[in-house]
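Undergrad: Below is the file upload.txt, with compact mmCIF, C-alpha atoms.
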# COMPACT_ATOMS: atom_id res chain seq x y z
CA MET A 1 0.00 0.00 0.00
CA SER A 2 2.85 2.32 0.78
CA GLY A 3 4.31 1.61 -2.66
CA MET A 4 1.01 2.50 -4.27
CA SER A 5 0.83 5.76 -2.38
CA ASP A 6 4.35 6.51 -3.45
CA ASN A 7 3.32 5.99 -7.06
CA VAL A 8 0.30 8.23 -6.53
CA GLY A 9 2.41 10.94 -5.05
CA GLN A 10 4.96 10.64 -7.84
CA TYR A 11 2.64 10.42 -10.83
CA GLY A 12 -0.60 12.02 -9.64
CA ARG A 13 -4.05 10.41 -9.56
CA ILE A 14 -4.59 6.68 -10.17
CA GLY A 15 -5.73 6.05 -13.73
CA ALA A 16 -4.15 9.19 -15.14
CA VAL A 17 -1.32 9.12 -17.62
CA PRO A 18 1.94 8.84 -15.70
CA VAL A 19 3.47 12.30 -15.78
CA ALA A 20 6.23 13.28 -13.48
CA GLN A 21 5.40 16.26 -11.32
CA GLY A 22 7.10 19.48 -12.33
CA ALA A 23 7.76 18.37 -15.92
CA ASP A 24 6.69 20.60 -18.80
CA VAL A 25 4.68 18.59 -21.28
CA PRO A 26 4.16 20.16 -24.71
CA LEU A 27 0.50 20.02 -25.73
CA THR A 28 1.18 19.20 -29.34
CA HIS A 29 1.11 16.40 -31.79
CA PRO A 30 3.33 15.78 -34.81
CA GLU A 31 0.32 15.80 -37.13
CA PHE A 32 -1.47 18.72 -35.45
CA PRO A 33 1.12 21.29 -34.39
CA TYR A 34 0.06 23.89 -31.86
CA THR A 35 1.46 27.39 -31.69
CA PRO A 36 0.67 29.27 -28.46
CA GLU A 37 -0.55 32.84 -28.73
CA PRO A 38 1.54 35.64 -27.23
CA ALA A 39 0.64 36.78 -23.75
CA GLY A 40 -2.09 39.41 -23.67
CA SER A 41 -3.51 38.55 -27.08
CA ARG A 42 -7.13 37.59 -27.65
CA GLY A 43 -8.36 34.73 -29.74
CA SER A 44 -9.81 35.61 -33.06
CA ASP A 45 -13.57 35.48 -33.38
CA THR A 46 -14.42 34.35 -36.88
CA PHE A 47 -18.06 35.45 -36.62
CA SER A 48 -17.61 38.91 -35.14
CA SER A 49 -14.27 40.04 -36.54
CA THR A 50 -13.87 41.08 -40.15
CA ALA A 51 -10.21 42.00 -39.92
CA GLY A 52 -8.31 40.58 -42.82
CA ALA A 53 -11.48 39.41 -44.55
CA PRO A 54 -11.73 40.48 -48.17
CA GLY A 55 -14.50 43.06 -48.44
CA PRO A 56 -16.24 44.55 -51.45
CA SER A 57 -13.98 47.09 -53.08
CA ALA A 58 -15.32 50.38 -54.42
CA PRO A 59 -15.68 50.46 -58.19
CA PRO A 60 -13.00 52.43 -59.99
CA PRO A 61 -14.01 55.93 -61.10
CA PRO A 62 -15.26 56.04 -64.67
CA SER A 63 -12.95 57.40 -67.29
CA GLY A 64 -13.47 58.72 -70.76
CA ILE A 65 -16.27 60.78 -72.20
CA TRP A 66 -18.85 58.08 -71.39
CA GLY A 67 -18.08 58.46 -67.70
CA VAL A 68 -20.49 61.38 -67.42
CA PHE A 69 -23.37 58.95 -67.93
CA SER A 70 -22.34 56.90 -64.88
CA VAL A 71 -23.62 57.46 -61.35
CA ALA A 72 -20.10 56.92 -60.00
CA PHE A 73 -18.93 59.99 -61.91
CA TYR A 74 -21.17 62.27 -59.79
CA ARG A 75 -20.60 60.52 -56.44
CA PRO A 76 -17.69 62.82 -55.35
CA PHE A 77 -19.91 65.90 -55.85
CA PHE A 78 -22.35 64.59 -53.24
CA ASP A 79 -19.64 63.72 -50.71
CA VAL A 80 -20.61 66.32 -48.09
CA ASP A 81 -22.29 66.10 -44.72
CA THR A 82 -24.81 68.30 -42.95
CA ALA A 83 -22.10 70.40 -41.29
CA ASP A 84 -20.51 71.22 -44.65
CA VAL A 85 -23.81 72.26 -46.20
CA ALA A 86 -24.78 74.35 -43.17
CA GLU A 87 -21.41 76.12 -43.21
CA ARG A 88 -21.74 76.94 -46.91
CA VAL A 89 -25.29 78.20 -46.50
CA LYS A 90 -24.09 80.45 -43.68
CA ASP A 91 -21.34 81.81 -45.94
CA ALA A 92 -23.91 82.48 -48.67
CA LEU A 93 -26.02 84.57 -46.27
CA MET A 94 -23.09 86.88 -45.50
CA PRO A 95 -22.83 89.70 -48.07
CA PHE A 96 -19.13 90.32 -47.39
CA PRO A 97 -17.47 87.05 -46.35
CA ARG A 98 -13.97 86.97 -44.92
CA SER A 99 -12.73 84.65 -47.66
CA ALA A 100 -13.93 83.83 -51.14
CA PHE A 101 -16.49 81.03 -51.33
CA LEU A 102 -14.83 79.58 -54.42
CA GLU A 103 -11.52 79.29 -52.58
CA LYS A 104 -13.09 77.54 -49.60
CA THR A 105 -14.88 75.01 -51.81
CA ALA A 106 -12.09 74.56 -54.37
CA LEU A 107 -11.08 71.12 -53.08
CA ASN A 108 -14.59 69.81 -52.45
CA PRO A 109 -17.31 71.58 -54.46
CA ASP A 110 -20.68 69.93 -54.21
CA ILE A 111 -23.97 69.91 -56.05
CA TYR A 112 -25.83 68.22 -53.21
CA GLY A 113 -26.56 71.52 -51.46
CA PRO A 114 -27.54 73.38 -54.65
CA PHE A 115 -29.87 70.56 -55.66
CA TRP A 116 -31.78 70.65 -52.39
CA ILE A 117 -31.80 74.44 -52.28
CA CYS A 118 -33.42 74.54 -55.71
CA THR A 119 -35.84 71.75 -54.80
CA THR A 120 -36.85 73.56 -51.63
CA LEU A 121 -37.37 76.80 -53.53
CA VAL A 122 -39.54 75.06 -56.11
CA PHE A 123 -42.03 73.84 -53.52
CA LEU A 124 -41.85 76.95 -51.33
CA SER A 125 -42.37 79.30 -54.25
CA ALA A 126 -45.30 77.26 -55.53
CA SER A 127 -47.06 76.78 -52.19
CA LEU A 128 -46.27 80.10 -50.53
CA GLY A 129 -46.80 81.95 -53.77
CA ASN A 130 -50.35 80.64 -53.93
CA LEU A 131 -50.81 81.47 -50.26
CA ALA A 132 -49.59 85.01 -50.87
CA SER A 133 -51.99 85.32 -53.78
CA TYR A 134 -54.89 84.15 -51.63
CA LEU A 135 -54.01 86.53 -48.79
CA SER A 136 -53.83 89.43 -51.23
CA TYR A 137 -57.21 88.39 -52.63
CA ALA A 138 -58.73 88.10 -49.16
CA ALA A 139 -57.29 91.41 -47.98
CA GLY A 140 -58.46 93.31 -51.05
CA SER A 141 -61.78 95.03 -51.46
CA GLY A 142 -64.80 92.98 -52.44
CA SER A 143 -64.33 91.40 -55.83
CA ASP A 144 -66.67 89.35 -57.96
CA GLU A 145 -63.84 87.07 -59.11
CA HIS A 146 -63.18 83.84 -57.27
CA TRP A 147 -59.67 82.89 -56.22
CA HIS A 148 -58.29 79.61 -57.52
CA TYR A 149 -55.09 77.69 -56.92
CA ASN A 150 -52.55 77.99 -59.75
CA ILE A 151 -50.91 74.60 -60.16
CA ASP A 152 -48.81 75.80 -63.10
CA VAL A 153 -46.45 77.62 -60.74
CA VAL A 154 -44.87 74.29 -59.78
CA SER A 155 -43.62 73.58 -63.29
CA TRP A 156 -42.59 77.19 -63.80
CA ALA A 157 -40.71 77.26 -60.52
CA ALA A 158 -38.85 74.06 -61.46
CA ALA A 159 -37.94 75.50 -64.87
CA ILE A 160 -36.76 78.78 -63.35
CA PHE A 161 -34.61 77.46 -60.51
CA TYR A 162 -33.21 74.30 -62.07
CA GLY A 163 -32.75 75.96 -65.43
CA TYR A 164 -31.05 79.03 -64.00
CA VAL A 165 -28.61 77.11 -61.80
CA ALA A 166 -27.79 74.63 -64.57
CA VAL A 167 -27.58 76.85 -67.67
CA VAL A 168 -26.14 80.17 -66.47
CA PRO A 169 -23.04 78.64 -64.81
CA LEU A 170 -22.53 76.49 -67.90
CA VAL A 171 -22.50 79.55 -70.18
CA LEU A 172 -20.24 81.38 -67.74
CA PHE A 173 -17.89 78.40 -67.67
CA PHE A 174 -17.37 78.46 -71.44
CA LEU A 175 -16.96 82.24 -71.35
CA LEU A 176 -14.25 81.97 -68.71
CA ARG A 177 -12.57 79.21 -70.68
CA TYR A 178 -12.54 81.51 -73.68
CA LEU A 179 -10.97 84.24 -71.53
CA GLN A 180 -8.48 81.66 -70.21
CA VAL A 181 -9.66 82.07 -66.64
CA SER A 182 -9.35 79.01 -64.40
CA ALA A 183 -12.75 78.02 -63.00
CA GLY A 184 -14.38 74.63 -62.64
CA LEU A 185 -17.88 73.94 -63.84
CA VAL A 186 -18.87 72.18 -60.61
CA GLN A 187 -17.48 75.13 -58.65
CA LEU A 188 -19.74 77.49 -60.56
CA TRP A 189 -22.76 75.24 -60.06
CA CYS A 190 -21.94 75.16 -56.38
CA LEU A 191 -21.58 78.95 -56.21
CA TYR A 192 -24.83 79.70 -58.04
CA GLY A 193 -26.77 77.09 -56.11
CA TYR A 194 -25.78 78.42 -52.71
CA SER A 195 -26.33 82.01 -53.86
CA LEU A 196 -30.07 81.24 -53.94
CA ALA A 197 -30.21 80.06 -50.33
CA VAL A 198 -31.20 83.54 -49.15
CA TYR A 199 -34.55 83.24 -50.94
CA ILE A 200 -35.66 80.36 -48.70
CA PRO A 201 -36.30 82.38 -45.50
CA ILE A 202 -37.72 85.41 -47.30
CA SER A 203 -40.31 83.21 -49.02
CA PHE A 204 -42.11 82.83 -45.70
CA ILE A 205 -42.09 86.58 -45.03
CA SER A 206 -43.26 87.46 -48.52
CA VAL A 207 -46.71 86.00 -47.87
CA VAL A 208 -47.59 89.13 -45.87
CA PRO A 209 -50.25 90.94 -47.98
CA LEU A 210 -48.33 94.22 -48.15
CA ASN A 211 -46.89 94.82 -51.57
CA LEU A 212 -44.35 97.41 -50.42
CA LEU A 213 -43.05 95.07 -47.72
CA ARG A 214 -42.76 92.28 -50.26
CA TRP A 215 -40.71 94.46 -52.56
CA LEU A 216 -38.38 95.51 -49.76
CA ILE A 217 -37.87 91.92 -48.62
CA VAL A 218 -37.22 90.54 -52.10
CA LEU A 219 -34.92 93.41 -53.07
CA GLY A 220 -32.96 93.01 -49.83
CA ALA A 221 -32.51 89.30 -50.42
CA THR A 222 -31.55 89.95 -54.04
CA ALA A 223 -28.93 92.47 -52.93
CA ILE A 224 -27.37 89.90 -50.57
CA SER A 225 -27.37 87.26 -53.30
CA CYS A 226 -25.86 89.63 -55.88
CA VAL A 227 -23.11 90.84 -53.55
CA PHE A 228 -22.22 87.26 -52.64
CA LEU A 229 -22.07 86.23 -56.30
CA GLY A 230 -20.24 89.33 -57.49
CA PHE A 231 -17.66 89.21 -54.71
CA ASN A 232 -16.69 85.63 -55.53
CA LEU A 233 -16.66 86.08 -59.29
CA ARG A 234 -14.56 89.22 -59.03
CA ALA A 235 -12.05 87.45 -56.78
CA GLN A 236 -11.87 84.56 -59.27
CA ILE A 237 -11.66 86.57 -62.49
CA THR A 238 -9.43 89.43 -61.30
CA ASP A 239 -6.48 87.09 -60.89
CA GLY A 240 -6.70 85.85 -64.45
CA HIS A 241 -8.15 88.49 -66.80
CA GLU A 242 -8.75 92.20 -67.17
CA MET A 243 -12.33 91.61 -68.36
CA TRP A 244 -13.49 90.87 -64.82
CA PHE A 245 -15.72 93.94 -64.55
CA PRO A 246 -18.08 93.37 -67.52
CA VAL A 247 -18.29 89.64 -66.80
CA THR A 248 -19.04 90.19 -63.13
CA LEU A 249 -21.50 92.98 -63.89
CA GLY A 250 -23.38 90.81 -66.36
CA ALA A 251 -23.62 87.95 -63.86
CA VAL A 252 -24.86 90.31 -61.13
CA LEU A 253 -27.51 91.83 -63.43
CA LEU A 254 -28.80 88.36 -64.31
CA GLN A 255 -28.98 87.53 -60.62
CA ALA A 256 -30.90 90.74 -59.94
CA GLY A 257 -33.27 89.95 -62.79
CA LEU A 258 -33.97 86.57 -61.21
CA GLY A 259 -34.93 88.25 -57.95
CA VAL A 260 -37.31 90.64 -59.67
CA LEU A 261 -38.84 87.73 -61.59
CA LEU A 262 -39.50 85.87 -58.36
CA LYS A 263 -41.31 88.85 -56.94
CA LEU A 264 -43.42 89.54 -60.00
CA TYR A 265 -44.42 85.95 -60.70
CA PHE A 266 -44.75 84.32 -57.28
CA PHE A 267 -45.45 87.08 -54.77
CA THR A 268 -47.76 89.57 -56.47
Written as structure tokens, that's how I'd like the structure from this file.

TA:
Amino acid sequence: MSGMSDNVGQYGRIGAVPVAQGADVPLTHPEFPYTPEPAGSRGSDTFSSTAGAPGPSAPPPPSGIWGVFSVAFYRPFFDVDTADVAERVKDALMPFPRSAFLEKTALNPDIYGPFWICTTLVFLSASLGNLASYLSYAAGSGSDEHWHYNIDVVSWAAAIFYGYVAVVPLVLFFLLRYLQVSAGLVQLWCLYGYSLAVYIPISFISVVPLNLLRWLIVLGATAISCVFLGFNLRAQITDGHEMWFPVTLGAVLLQAGLGVLLKLYFFT
């Protein structure tokens, strides 16, 4: 019995594999080698960890003239967040900004903000324009004519805002190219789109049935928009060509004409 207890004390429990106490036994097998992990490391979780797993790669940007018909071609121009759009709208509402808008957006011009500004103006001008017309009708002296909602203003508003922001910068782009002035087309779309942001808040005020007040509000907003546009165009064209004054003046006059058109068509 004492011999058995000696064996138990030397090799451990009865029935276990005889292993001498204090000996380091490698937990490995010739056919299934085991490599211990370094101290402090965690085991990999195949189901929750995606490190090292091949993921879907972004498609390469389109090249060539046919690239303009691809959605991927326009993706970089929508790569902005809410903070970027809010900052650019704030700059557009300042008549005399500290720095040129075109310089601040040179590396990342967007058409996301201009698109939604124009879309917002289309619906605001159509709905609030009809509301302003009704309030003017209700505030006027008794009339035998009945007021009716003008649904055509929706299509006209879309043609005015989308057409103006799309066509005028395009014409200006080719003019600047002819004058050998460096200016990107997307930059100009971005500039013109944000220059219309000031008309969004004044659309709500223009429903007041006072024609003089409407004129003052629209003309004030038009002045802010024109100064913003003229300041940036002058800063862009002055560095490259001596024809900056007539080009800037023509762009400002077109912008002023747009403001007068909005007043006469939507808020009369």

Undergrad: Which residue is closest to Leu172 (chain A)? Choose from A:Ala158, A:Leu262, A:Leu254, A:Leu212 and count only C-alpha atoms.

TA: A:Leu254

Undergrad: Give me, as a ChimeraX atom specification, all polymer residues having an atom no more than 12 Å from Cys190 (chain A), counting all atoms listed in the file and skipping those fewer than 2 positions away in the same chain.

TA: /A:77-78,85,88-89,92,101-106,108-118,165-166,169-170,183-188,192-197,229,232

Undergrad: Separation of CA of Ser203 (chain A) and CA of Ser125 (chain A), in Å?

TA: 6.8 Å

Undergrad: Quick one: everything within 12 Å of Tyr137 (chain A), counting all atoms listed in the file, minus sequence neighbours fewer than 3 positions away in the same chain. Send it as a list in words.

TA: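 Once the adjacent positions are removed, what remains is Asn130, Leu131, Ala132, Ser133, Tyr134, Gly140, Ser141, Gly142, Ser143, Asp144, Glu145, His146, Trp147, His148, Tyr149, Val207, Val208, Pro209, Leu210 and Thr268 of chain A.
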
Undergrad: For CA of Phe267 (chain A) and CA of Leu93 (chain A), quote the distance in Å rounded to one decimal.

TA: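 These atoms are spaced 21.4 Å apart.
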
Undergrad: Let me make sure I understand: among A:Ser225, A:Ser136, A:Ser99, A:Thr238, which one has the smallest atom-to-atom distance to Leu191 (chain A) if we use all atoms listed in the file?

TA: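 The closest residue to Leu191 (chain A) is A:Ser225.
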
Undergrad: What gap, in Å, lies between CA of Thr119 (chain A) and CA of Ala157 (chain A)?

TA: 9.3 Å

Undergrad: With 5 Å added on each side, what axis-aligned box encloses every listed atom of region 80-92 of chain A? Give the centre and edge lengths in Å to one decimal, as JSON.

TA:
{"center_x": -22.9, "center_y": 74.3, "center_z": -45.0, "size_x": 14.8, "size_y": 26.4, "size_z": 17.4}

Undergrad: Find the residues around region 217-221 of chain A up to 9 Å (only C-alpha atoms counted), leave out those fewer than 5 positions away in its own chain, and share them as JSON, numbers by chain.

TA: {"A": [198, 199, 202, 203, 205, 206, 212, 226, 256, 259, 260, 262, 263]}

Undergrad: Save out the residues we just selected, C-alpha atoms, as a PDB file, in the frame of the given file.

TA:
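Output (again-v4.pdb):
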ATOM      1  CA  VAL A 198     -31.200  83.540 -49.150  1.00  0.00           C
ATOM      2  CA  TYR A 199     -34.550  83.240 -50.940  1.00  0.00           C
ATOM      3  CA  ILE A 202     -37.720  85.410 -47.300  1.00  0.00           C
ATOM      4  CA  SER A 203     -40.310  83.210 -49.020  1.00  0.00           C
ATOM      5  CA  ILE A 205     -42.090  86.580 -45.030  1.00  0.00           C
ATOM      6  CA  SER A 206     -43.260  87.460 -48.520  1.00  0.00           C
ATOM      7  CA  LEU A 212     -44.350  97.410 -50.420  1.00  0.00           C
ATOM      8  CA  CYS A 226     -25.860  89.630 -55.880  1.00  0.00           C
ATOM      9  CA  ALA A 256     -30.900  90.740 -59.940  1.00  0.00           C
ATOM     10  CA  GLY A 259     -34.930  88.250 -57.950  1.00  0.00           C
ATOM     11  CA  VAL A 260     -37.310  90.640 -59.670  1.00  0.00           C
ATOM     12  CA  LEU A 262     -39.500  85.870 -58.360  1.00  0.00           C
ATOM     13  CA  LYS A 263     -41.310  88.850 -56.940  1.00  0.00           C
TER      14      LYS A 263
END

Undergrad: Quick one: of A:Ala86, A:Thr120, A:Trp156, A:Pro95, who's nearest to Leu261 (chain A), counting all atoms listed in the file?

TA: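 That would be A:Trp156, the residue with the smallest distance to Leu261 (chain A).
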
Undergrad: Pick out the residues sitting within 9 Å of Leu233 (chain A), and hand them over as a list of chain:residue names; count all atoms listed in the file, and ignore anything fewer than 5 positions along from it in its own chain.

TA: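 The filter keeps A:Ala100, A:Leu102, A:Phe228, A:Thr238, A:Trp244, A:Val247, A:Thr248, A:Ala251.
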
Undergrad: Keeping only C-alpha atoms, take the residues you just selected and write them out as a short mmCIF file (atom, residue, chain, number, x, y, z; two decimals), keeping the file's coordinate frame.

TA:
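The resulting file, out-v6.cif, is reproduced below:
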data_model
loop_
_atom_site.label_atom_id
_atom_site.label_comp_id
_atom_site.auth_asym_id
_atom_site.auth_seq_id
_atom_site.Cartn_x
_atom_site.Cartn_y
_atom_site.Cartn_z
CA ALA A 100 -13.93 83.83 -51.14
CA LEU A 102 -14.83 79.58 -54.42
CA PHE A 228 -22.22 87.26 -52.64
CA THR A 238 -9.43 89.43 -61.30
CA TRP A 244 -13.49 90.87 -64.82
CA VAL A 247 -18.29 89.64 -66.80
CA THR A 248 -19.04 90.19 -63.13
CA ALA A 251 -23.62 87.95 -63.86
#
